$ cat upload10.txt   # compact mmCIF, C-alpha atoms
# COMPACT_ATOMS: atom_id res chain seq x y z
CA MET A 1 96.89 65.69 167.36
CA ASN A 2 94.03 63.22 167.61
CA ILE A 3 90.57 64.18 168.90
CA ALA A 4 88.25 61.26 169.67
CA PRO A 5 84.62 62.24 170.42
CA SER A 6 82.68 60.30 173.02
CA THR A 7 79.38 58.59 172.22
CA ALA A 8 77.53 61.25 174.23
CA THR A 9 76.45 64.68 173.00
CA LEU A 10 79.55 66.18 174.62
CA GLY A 11 83.09 65.22 175.50
CA ALA A 12 86.21 64.22 173.56
CA THR A 13 89.65 62.86 174.37
CA VAL A 14 92.68 64.64 172.94
CA THR A 15 95.96 62.77 172.45
CA ASP A 16 99.26 63.22 170.66
CA VAL A 17 99.74 66.81 171.72
CA ARG A 18 102.09 68.50 174.22
CA LEU A 19 100.15 71.15 176.10
CA ASN A 20 103.31 72.84 177.41
CA THR A 21 104.64 73.57 173.89
CA LEU A 22 101.49 74.37 171.94
CA SER A 23 101.77 76.14 168.62
CA ASP A 24 99.12 78.72 167.77
CA ARG A 25 97.76 76.33 165.17
CA ASP A 26 97.37 73.51 167.71
CA TRP A 27 95.73 75.89 170.15
CA GLN A 28 93.19 76.91 167.51
CA THR A 29 92.37 73.24 166.92
CA ILE A 30 91.88 72.72 170.65
CA GLU A 31 89.72 75.83 171.01
CA ASP A 32 87.50 74.78 168.09
CA ALA A 33 87.11 71.31 169.59
CA PHE A 34 86.33 72.85 172.97
CA HIS A 35 83.45 74.85 171.53
CA GLN A 36 82.14 71.75 169.78
CA TYR A 37 82.48 69.18 172.57
CA ALA A 38 82.47 71.42 175.70
CA VAL A 39 84.61 68.89 177.64
CA LEU A 40 88.14 67.88 176.59
CA VAL A 41 90.15 65.16 178.33
CA PHE A 42 93.95 65.34 178.01
CA ALA A 43 94.96 61.93 179.33
CA ARG A 44 98.31 61.66 181.11
CA ALA A 45 99.26 65.22 180.14
CA ASN A 46 101.50 65.28 183.23
CA LEU A 47 101.67 69.07 183.50
CA THR A 48 103.51 70.80 186.28
CA GLU A 49 101.56 73.34 188.32
CA SER A 50 103.06 76.24 186.37
CA GLU A 51 102.30 74.53 183.06
CA HIS A 52 98.75 73.90 184.24
CA ILE A 53 98.33 77.61 184.94
CA ASP A 54 99.97 78.66 181.65
CA PHE A 55 97.75 76.35 179.58
CA SER A 56 94.66 77.58 181.44
CA ARG A 57 95.50 81.16 180.53
CA ARG A 58 95.10 80.23 176.87
CA PHE A 59 91.36 80.32 177.59
CA GLY A 60 91.49 83.73 179.28
CA PRO A 61 92.35 85.47 182.57
CA LEU A 62 92.03 83.31 185.66
CA GLU A 63 89.74 83.62 188.63
CA ARG A 64 90.96 83.82 192.21
CA THR A 65 90.49 80.72 194.30
CA LEU A 66 87.57 80.70 196.73
CA SER A 67 89.62 79.78 199.80
CA GLN A 68 93.24 79.79 200.88
CA ARG A 69 93.94 76.03 200.97
CA ALA A 70 96.32 76.26 198.00
CA ASP A 71 99.64 78.09 197.83
CA ARG A 72 98.72 80.12 194.72
CA GLN A 73 95.60 82.20 194.13
CA GLU A 74 95.25 80.62 190.66
CA ILE A 75 94.83 77.12 192.11
CA SER A 76 91.87 75.60 193.96
CA LEU A 77 92.85 72.54 195.95
CA LEU A 78 90.16 69.85 195.92
CA SER A 79 91.60 67.25 198.24
CA ASN A 80 90.53 65.15 201.20
CA VAL A 81 94.02 65.54 202.64
CA ALA A 82 94.02 68.27 205.28
CA GLN A 83 96.82 70.78 205.84
CA ASP A 84 98.28 68.61 208.60
CA GLY A 85 98.61 65.72 206.14
CA LYS A 86 95.78 63.70 207.66
CA ILE A 87 92.89 62.40 205.58
CA ALA A 88 89.63 64.17 206.36
CA LYS A 89 86.62 62.42 207.85
CA PRO A 90 83.41 62.29 205.75
CA ASP A 91 81.53 64.29 208.40
CA ASP A 92 84.10 66.98 209.23
CA ASN A 93 84.09 70.41 207.57
CA LEU A 94 86.45 69.39 204.77
CA GLY A 95 84.62 66.14 204.11
CA LEU A 96 81.26 67.91 203.94
CA PHE A 97 82.70 70.66 201.76
CA LEU A 98 83.86 68.03 199.26
CA LYS A 99 80.52 66.23 199.47
CA GLY A 100 78.86 69.25 197.86
CA ASN A 101 80.73 68.50 194.65
CA ARG A 102 78.70 65.30 194.22
CA TYR A 103 75.69 67.32 193.11
CA TRP A 104 75.25 68.74 189.61
CA HIS A 105 76.61 72.28 189.41
CA THR A 106 78.52 74.79 187.33
CA ASP A 107 81.53 76.48 188.91
CA SER A 108 81.14 79.99 190.34
CA SER A 109 77.53 80.48 189.26
CA PHE A 110 77.09 81.91 192.79
CA LYS A 111 79.40 84.80 191.89
CA LYS A 112 78.44 87.95 190.01
CA VAL A 113 80.02 86.51 186.88
CA GLY A 114 80.05 82.73 186.60
CA ALA A 115 83.17 80.89 185.54
CA LYS A 116 84.06 80.46 181.88
CA VAL A 117 86.24 77.34 181.96
CA SER A 118 87.54 74.95 184.61
CA LEU A 119 90.67 72.84 184.19
CA LEU A 120 91.00 70.02 186.72
CA ARG A 121 94.26 68.09 187.11
CA ALA A 122 94.62 64.77 188.89
CA VAL A 123 97.63 64.70 191.22
CA GLU A 124 96.78 61.63 193.30
CA VAL A 125 93.81 59.31 192.73
CA PRO A 126 92.23 56.53 194.80
CA ASP A 127 92.19 52.88 193.78
CA SER A 128 88.53 53.13 192.77
CA GLY A 129 85.75 55.68 192.45
CA GLY A 130 86.17 59.44 192.23
CA ASP A 131 85.01 59.68 188.62
CA THR A 132 83.66 62.97 187.27
CA GLU A 133 80.57 63.35 185.08
CA TRP A 134 79.53 66.23 182.86
CA ALA A 135 76.07 66.97 181.49
CA ASP A 136 75.30 68.82 178.25
CA MET A 137 72.97 71.75 178.96
CA ARG A 138 72.87 72.65 175.25
CA ALA A 139 71.32 69.30 174.41
CA GLY A 140 69.25 69.58 177.58
CA TRP A 141 67.69 72.76 176.22
CA ASP A 142 67.18 71.21 172.80
CA ALA A 143 65.29 68.28 174.35
CA LEU A 144 62.66 70.53 175.95
CA ASP A 145 59.29 70.91 174.29
CA PRO A 146 58.55 74.32 172.72
CA ASP A 147 56.01 75.27 175.41
CA THR A 148 58.55 74.68 178.19
CA GLN A 149 61.20 76.61 176.29
CA ARG A 150 58.86 79.59 175.96
CA ARG A 151 58.04 79.40 179.67
CA LEU A 152 61.71 79.48 180.63
CA GLU A 153 62.72 82.40 178.42
CA GLY A 154 63.33 85.44 180.59
CA LEU A 155 63.27 83.59 183.93
CA VAL A 156 65.97 84.54 186.43
CA ALA A 157 67.26 82.31 189.22
CA VAL A 158 69.02 83.37 192.41
CA HIS A 159 72.28 81.47 192.92
CA SER A 160 73.67 81.27 196.43
CA TYR A 161 76.71 79.51 197.89
CA ALA A 162 75.20 79.75 201.37
CA TYR A 163 72.10 77.94 200.08
CA SER A 164 73.85 75.17 198.18
CA GLN A 165 76.66 74.41 200.61
CA GLY A 166 74.37 74.94 203.57
CA LYS A 167 72.31 71.95 202.42
CA VAL A 168 75.26 69.57 202.89
CA GLY A 169 77.42 71.36 205.48
CA GLY A 170 81.08 72.29 205.54
CA ILE A 171 80.42 75.96 204.88
CA ALA A 172 82.56 76.78 207.93
CA LEU A 173 85.61 75.86 205.85
CA LEU A 174 85.37 79.47 204.61
CA ASN A 175 85.91 82.24 207.11
CA LYS A 176 83.37 85.03 207.56
CA ARG A 177 85.18 87.39 205.19
CA GLU A 178 85.18 84.75 202.46
CA GLN A 179 81.50 83.99 203.02
CA ASP A 180 80.55 87.68 203.02
CA ALA A 181 82.24 88.04 199.62
CA LEU A 182 79.62 85.66 198.18
CA PRO A 183 76.20 87.31 198.44
CA PRO A 184 73.33 85.79 196.40
CA VAL A 185 73.37 86.75 192.72
CA ARG A 186 70.89 86.60 189.86
CA GLN A 187 71.54 84.51 186.75
CA PRO A 188 69.28 83.86 183.72
CA VAL A 189 67.89 80.33 183.51
CA VAL A 190 68.48 80.30 179.75
CA ARG A 191 71.73 81.58 178.26
CA VAL A 192 73.19 81.95 174.79
CA HIS A 193 76.76 80.76 174.37
CA PRO A 194 78.83 83.73 173.13
CA ALA A 195 81.06 81.63 170.83
CA THR A 196 78.55 79.18 169.33
CA GLY A 197 75.21 81.01 169.60
CA ARG A 198 73.57 77.88 171.06
CA LYS A 199 71.04 78.24 173.85
CA ASN A 200 71.50 76.25 177.02
CA LEU A 201 70.11 75.83 180.52
CA TYR A 202 71.99 77.45 183.40
CA VAL A 203 70.87 75.59 186.50
CA GLY A 204 72.43 73.21 189.05
CA ARG A 205 72.71 73.01 192.84
CA HIS A 206 73.69 76.64 193.42
CA ALA A 207 70.36 77.83 191.95
CA SER A 208 68.23 78.53 195.02
CA HIS A 209 64.95 79.82 193.58
CA ILE A 210 63.37 81.72 190.71
CA VAL A 211 62.63 85.43 190.96
CA GLY A 212 58.90 86.16 191.01
CA MET A 213 57.88 82.54 191.62
CA PRO A 214 56.92 80.91 194.95
CA ARG A 215 60.08 79.35 196.36
CA ASP A 216 58.80 75.79 196.51
CA GLU A 217 57.48 76.00 192.98
CA GLY A 218 60.67 77.55 191.64
CA ARG A 219 62.91 75.05 193.37
CA ALA A 220 60.83 72.16 192.07
CA LEU A 221 61.15 73.53 188.54
CA LEU A 222 64.90 74.01 188.85
CA GLU A 223 65.35 70.50 190.22
CA ARG A 224 63.22 69.00 187.45
CA LEU A 225 65.16 70.84 184.75
CA THR A 226 68.46 69.61 186.19
CA GLN A 227 67.37 66.00 186.60
CA GLU A 228 65.75 65.75 183.18
CA ALA A 229 68.70 67.36 181.41
CA CYS A 230 71.30 65.20 183.17
CA GLN A 231 70.36 61.97 181.42
CA ALA A 232 71.88 59.86 178.66
CA PRO A 233 72.91 60.57 175.94
CA ARG A 234 73.80 63.94 177.46
CA ILE A 235 76.23 62.50 180.06
CA PHE A 236 80.00 62.06 179.72
CA ARG A 237 81.97 60.29 182.46
CA HIS A 238 85.72 60.14 183.03
CA HIS A 239 87.72 57.79 185.24
CA TRP A 240 90.79 59.65 186.43
CA GLU A 241 94.41 58.61 186.29
CA ALA A 242 97.23 60.64 187.80
CA GLY A 243 98.43 63.24 185.30
CA ASP A 244 95.09 63.67 183.53
CA ILE A 245 93.76 67.17 183.01
CA VAL A 246 90.23 67.96 181.84
CA ALA A 247 88.91 71.29 180.57
CA TRP A 248 85.18 72.02 180.51
CA ASP A 249 82.92 74.90 179.58
CA ASN A 250 81.01 76.09 182.64
CA ARG A 251 78.78 78.22 180.44
CA CYS A 252 77.00 75.19 178.97
CA VAL A 253 77.71 72.08 181.06
CA LEU A 254 77.08 70.89 184.58
CA HIS A 255 79.37 68.48 186.39
CA ARG A 256 79.54 66.36 189.51
CA GLY A 257 82.06 64.15 191.25
CA HIS A 258 81.48 60.57 192.36
CA PRO A 259 82.36 59.24 195.82
CA TRP A 260 85.45 57.16 196.51
CA PRO A 261 86.81 55.25 199.53
CA PHE A 262 87.33 58.26 201.76
CA ASP A 263 90.19 56.69 203.67
CA GLN A 264 92.24 56.95 200.47
CA PRO A 265 93.73 60.28 199.35
CA ARG A 266 92.33 62.03 196.31
CA VAL A 267 94.23 65.20 195.40
CA MET A 268 92.96 67.33 192.53
CA LYS A 269 93.98 70.86 191.55
CA ARG A 270 91.78 73.19 189.54
CA THR A 271 92.26 76.45 187.73
CA THR A 272 89.21 78.50 186.84
CA VAL A 273 89.05 80.84 183.87
CA ALA A 274 87.10 83.95 184.82
CA GLY A 275 83.86 84.79 183.09
CA ASP A 276 83.87 87.76 180.73
CA GLY A 277 82.75 91.20 181.79
CA ASP A 278 83.01 93.25 184.97
CA ASN A 279 84.29 90.44 187.15
CA PRO A 280 85.76 91.31 190.57
CA TRP A 281 87.21 87.80 190.93
CA THR A 282 89.46 88.08 187.89
CA ILE A 283 93.18 88.03 188.68
CA SER A 284 94.73 91.17 187.27
CA GLU A 285 98.15 91.14 185.67
CA ALA A 286 99.37 92.95 188.76
CA GLY A 287 97.96 90.24 191.05
CA GLY A 288 96.07 91.33 194.13
CA GLN A 289 93.96 89.84 196.88
CA ALA A 290 90.59 88.11 196.67
CA PRO A 291 87.64 90.26 197.70
$ encode --input "upload10.txt" --output "structure tokens"
Amino acid sequence: MNIAPSTATLGATVTDVRLNTLSDRDWQTIEDAFHQYAVLVFARANLTESEHIDFSRRFGPLERTLSQRADRQEISLLSNVAQDGKIAKPDDNLGLFLKGNRYWHTDSSFKKVGAKVSLLRAVEVPDSGGDTEWADMRAGWDALDPDTQRRLEGLVAVHSYAYSQGKVGGIALLNKREQDALPPVRQPVVRVHPATGRKNLYVGRHASHIVGMPRDEGRALLERLTQEACQAPRIFRHHWEAGDIVAWDNRCVLHRGHPWPFDQPRVMKRTTVAGDGDNPWTISEAGGQAP
């Protein structure tokens, strides 16, 4: 196995390994690299859907998908191809839903327990565009001056899917039951990574406001923290090829997608590893329905 770090403060590319036949020793190497680099690219891994799910479970139990666009509750379908096979329009519900992914965020921070890991697999990619970027919130925290760090300790932000998706539209892609299952939740602005002990910022587009602070002031602070943290050398960018799969740590990185020619299909499938603790979105061994 070869692990090649990027020139940024996060991100590495892993080659010469078969993810569908991992030994325990190889898995330990991958897990250690994951904690170090927070984003791992497995170029042309060419996993089947079942292999994608099985590899994801190495990181922990999976989270149920948010909507029912995919055939399996372990898979989130991120595609501009509608169920009837037609490509969505930029301004229809599906197009607007996908547009939200262009803004810095961490997956499922709007749920009671935010996601642990996401693993995104490229099934079909456009001729150009559609890259994904990740930003290192560990290094973002480290770059703050001590006074700002002290100010942020103990602050709590309210994360809301209705707030974040409502800003761009497409929220009607979820039915009322699915929307009602996503009430606003509170998340600390500063977190400590359970595996590494490093502090990091926990912000992004789903963070609506800060508890105990005037809304405009809190939102301005959250936006400033996100924009200042998401700068070089804390940015890692990947240009997708079909068969690639990328794993990233939602507990300490933000990510965003880049636009592409929307008349071309882009089909991506994602598994999400559930965050630890009392998490109602975790898929039990017995299966079950989403809340």
$ closest_atom_pairs --input "upload10.txt" --of "stretch 30-143 of chain A" --to "stretch 263-270 of chain A" --cutoff "12 Å" --atoms "only C-alpha atoms" --output "CSV"
residue,atom,partner,partner_atom,distance
A:Leu47,CA,A:Lys269,CA,11.3
A:Thr48,CA,A:Lys269,CA,10.9
A:Glu49,CA,A:Lys269,CA,8.6
A:Ser50,CA,A:Lys269,CA,11.8
A:His52,CA,A:Arg270,CA,8.8
A:Ile53,CA,A:Arg270,CA,9.1
A:Ser56,CA,A:Arg270,CA,9.7
A:Leu62,CA,A:Arg270,CA,10.8
A:Glu63,CA,A:Arg270,CA,10.7
A:Arg64,CA,A:Arg270,CA,11.0
A:Thr65,CA,A:Arg270,CA,9.0
A:Leu66,CA,A:Arg270,CA,11.2
A:Arg69,CA,A:Lys269,CA,10.7
A:Ala70,CA,A:Lys269,CA,8.7
A:Asp71,CA,A:Lys269,CA,11.1
A:Arg72,CA,A:Lys269,CA,10.9
A:Gln73,CA,A:Arg270,CA,10.8
A:Glu74,CA,A:Arg270,CA,8.3
A:Ile75,CA,A:Arg270,CA,5.6
A:Ser76,CA,A:Arg270,CA,5.0
A:Leu77,CA,A:Lys269,CA,4.8
A:Leu78,CA,A:Met268,CA,5.1
A:Ser79,CA,A:Val267,CA,4.4
A:Asn80,CA,A:Arg266,CA,6.1
A:Val81,CA,A:Pro265,CA,6.2
A:Ala82,CA,A:Pro265,CA,10.0
A:Gly85,CA,A:Pro265,CA,10.0
A:Lys86,CA,A:Pro265,CA,9.2
A:Ile87,CA,A:Asp263,CA,6.6
A:Ala88,CA,A:Asp263,CA,8.0
A:Lys89,CA,A:Asp263,CA,7.9
A:Pro90,CA,A:Asp263,CA,9.0
A:Gly95,CA,A:Asp263,CA,11.0
A:Leu98,CA,A:Arg266,CA,10.8
A:Asp107,CA,A:Arg270,CA,10.8
A:Val117,CA,A:Arg270,CA,10.3
A:Ser118,CA,A:Arg270,CA,6.7
A:Leu119,CA,A:Arg270,CA,5.5
A:Leu120,CA,A:Arg270,CA,4.3
A:Arg121,CA,A:Lys269,CA,5.2
A:Ala122,CA,A:Met268,CA,4.7
A:Val123,CA,A:Val267,CA,5.4
A:Glu124,CA,A:Val267,CA,4.9
A:Val125,CA,A:Arg266,CA,4.7
A:Pro126,CA,A:Gln264,CA,5.7
A:Asp127,CA,A:Gln264,CA,7.8
A:Ser128,CA,A:Gln264,CA,9.4
A:Gly129,CA,A:Arg266,CA,9.9
A:Gly130,CA,A:Arg266,CA,7.8
A:Asp131,CA,A:Arg266,CA,10.9
A:Thr132,CA,A:Met268,CA,11.5
$ atom_distance --input "upload10.txt" --atom1 "atom CA of A:Gln231" --atom2 "atom CA of A:Leu94"
29.3 Å
$ closest_residue --input "upload10.txt" --among "A:Ile210, A:Trp260, A:Trp134, A:Phe55" --to "A:Thr21" --atoms "only C-alpha atoms"
A:Phe55
$ residues_around --input "upload10.txt" --residues "A:Lys99" --least-positions-apart "2" --cutoff "9 Å" --atoms "all atoms listed in the file" --output "list of chain:residue names"
A:Pro90, A:Leu94, A:Gly95, A:Leu96, A:Phe97, A:Asn101, A:Arg102, A:Tyr103, A:Val168, A:Gly169, A:Gly170, A:Gly257, A:Pro259
$ residues_near_point --input "upload10.txt" --point "(89.5, 68.1, 175.7)" --cutoff "8 Å" --atoms "all atoms listed in the file" --output "PyMOL selection string"
chain A and resi 3+11-14+30+33-34+37-42+246-248
$ residues_around --input "upload10.txt" --residues "A:Leu254" --least-positions-apart "3" --cutoff "9 Å" --atoms "all atoms listed in the file" --output "PDB file with C-alpha atoms, keeping the file's coordinate frame"
ATOM      1  CA  TRP A 104      75.250  68.740 189.610  1.00  0.00           C
ATOM      2  CA  HIS A 105      76.610  72.280 189.410  1.00  0.00           C
ATOM      3  CA  THR A 106      78.520  74.790 187.330  1.00  0.00           C
ATOM      4  CA  ASP A 107      81.530  76.480 188.910  1.00  0.00           C
ATOM      5  CA  GLU A 133      80.570  63.350 185.080  1.00  0.00           C
ATOM      6  CA  TRP A 134      79.530  66.230 182.860  1.00  0.00           C
ATOM      7  CA  ALA A 135      76.070  66.970 181.490  1.00  0.00           C
ATOM      8  CA  ASP A 136      75.300  68.820 178.250  1.00  0.00           C
ATOM      9  CA  MET A 137      72.970  71.750 178.960  1.00  0.00           C
ATOM     10  CA  TYR A 202      71.990  77.450 183.400  1.00  0.00           C
ATOM     11  CA  VAL A 203      70.870  75.590 186.500  1.00  0.00           C
ATOM     12  CA  GLY A 204      72.430  73.210 189.050  1.00  0.00           C
ATOM     13  CA  THR A 226      68.460  69.610 186.190  1.00  0.00           C
ATOM     14  CA  CYS A 230      71.300  65.200 183.170  1.00  0.00           C
ATOM     15  CA  ASP A 249      82.920  74.900 179.580  1.00  0.00           C
ATOM     16  CA  ASN A 250      81.010  76.090 182.640  1.00  0.00           C
ATOM     17  CA  ARG A 251      78.780  78.220 180.440  1.00  0.00           C
TER      18      ARG A 251
END
$ atom_distance --input "upload10.txt" --atom1 "atom CA of A:Asp92" --atom2 "atom CA of A:His238"
27.1 Å
$ closest_residue --input "upload10.txt" --among "A:Asp26, A:Glu217, A:Asp16, A:Glu153" --to "A:Val189" --atoms "only C-alpha atoms"
A:Glu153
$ residues_near_point --input "upload10.txt" --point "(83.2, 83.2, 184.3)" --cutoff "6 Å" --atoms "all atoms listed in the file" --output "PyMOL selection string"
chain A and resi 113-116+274-276
$ atom_distance --input "upload10.txt" --atom1 "atom CA of A:Lys167" --atom2 "atom CA of A:His206"
10.2 Å
$ closest_residue --input "upload10.txt" --among "A:Thr196, A:Leu221, A:Lys111, A:Ile245" --to "A:Asp32" --atoms "only C-alpha atoms"
A:Thr196
$ build_atoms --input "upload10.txt" --residues "stretch 203-231 of chain A" --atoms "N, CA and C atoms" --output "tab-separated table (two decimals), in the frame of the given file"
chain	number	residue	atom	x	y	z
A	203	VAL	N	71.54	76.00	185.27
A	203	VAL	CA	70.87	75.59	186.50
A	203	VAL	C	71.89	74.94	187.44
A	204	GLY	N	71.51	73.89	188.15
A	204	GLY	CA	72.43	73.21	189.05
A	204	GLY	C	72.18	73.55	190.52
A	205	ARG	N	72.99	72.97	191.41
A	205	ARG	CA	72.71	73.01	192.84
A	205	ARG	C	72.81	74.40	193.46
A	206	HIS	N	73.56	75.30	192.85
A	206	HIS	CA	73.69	76.64	193.42
A	206	HIS	C	72.46	77.50	193.17
A	207	ALA	N	71.57	77.07	192.25
A	207	ALA	CA	70.36	77.83	191.95
A	207	ALA	C	69.35	77.61	193.07
A	208	SER	N	69.08	78.64	193.84
A	208	SER	CA	68.23	78.53	195.02
A	208	SER	C	66.74	78.61	194.67
A	209	HIS	N	66.36	79.61	193.90
A	209	HIS	CA	64.95	79.82	193.58
A	209	HIS	C	64.84	80.72	192.36
A	210	ILE	N	63.62	80.90	191.89
A	210	ILE	CA	63.37	81.72	190.71
A	210	ILE	C	62.68	83.01	191.12
A	211	VAL	N	63.19	84.12	190.64
A	211	VAL	CA	62.63	85.43	190.96
A	211	VAL	C	61.18	85.51	190.48
A	212	GLY	N	60.29	85.97	191.37
A	212	GLY	CA	58.90	86.16	191.01
A	212	GLY	C	58.05	84.90	191.07
A	213	MET	N	58.61	83.81	191.54
A	213	MET	CA	57.88	82.54	191.62
A	213	MET	C	57.93	82.06	193.08
A	214	PRO	N	56.84	81.48	193.59
A	214	PRO	CA	56.92	80.91	194.95
A	214	PRO	C	58.12	79.98	195.09
A	215	ARG	N	58.80	80.06	196.22
A	215	ARG	CA	60.08	79.35	196.36
A	215	ARG	C	59.95	77.85	196.11
A	216	ASP	N	58.95	77.23	196.70
A	216	ASP	CA	58.80	75.79	196.51
A	216	ASP	C	58.57	75.44	195.05
A	217	GLU	N	57.76	76.24	194.39
A	217	GLU	CA	57.48	76.00	192.98
A	217	GLU	C	58.73	76.20	192.13
A	218	GLY	N	59.46	77.28	192.41
A	218	GLY	CA	60.67	77.55	191.64
A	218	GLY	C	61.73	76.49	191.85
A	219	ARG	N	61.91	76.07	193.09
A	219	ARG	CA	62.91	75.05	193.37
A	219	ARG	C	62.53	73.72	192.73
A	220	ALA	N	61.26	73.39	192.73
A	220	ALA	CA	60.83	72.16	192.07
A	220	ALA	C	61.10	72.21	190.57
A	221	LEU	N	60.88	73.38	189.97
A	221	LEU	CA	61.15	73.53	188.54
A	221	LEU	C	62.65	73.41	188.26
A	222	LEU	N	63.46	74.07	189.06
A	222	LEU	CA	64.90	74.01	188.85
A	222	LEU	C	65.42	72.58	189.01
A	223	GLU	N	64.91	71.88	190.00
A	223	GLU	CA	65.35	70.50	190.22
A	223	GLU	C	64.91	69.61	189.05
A	224	ARG	N	63.70	69.81	188.58
A	224	ARG	CA	63.22	69.00	187.45
A	224	ARG	C	64.04	69.25	186.21
A	225	LEU	N	64.36	70.52	185.92
A	225	LEU	CA	65.16	70.84	184.75
A	225	LEU	C	66.53	70.18	184.83
A	226	THR	N	67.14	70.22	186.02
A	226	THR	CA	68.46	69.61	186.19
A	226	THR	C	68.40	68.11	186.00
A	227	GLN	N	67.44	67.46	186.67
A	227	GLN	CA	67.37	66.00	186.60
A	227	GLN	C	67.03	65.50	185.20
A	228	GLU	N	66.13	66.19	184.52
A	228	GLU	CA	65.75	65.75	183.18
A	228	GLU	C	66.87	65.99	182.17
A	229	ALA	N	67.61	67.07	182.34
A	229	ALA	CA	68.70	67.36	181.41
A	229	ALA	C	69.88	66.41	181.60
A	230	CYS	N	70.12	66.01	182.85
A	230	CYS	CA	71.30	65.20	183.17
A	230	CYS	C	71.00	63.71	182.99
A	231	GLN	N	70.66	63.35	181.78
A	231	GLN	CA	70.36	61.97	181.42
A	231	GLN	C	71.07	61.62	180.13
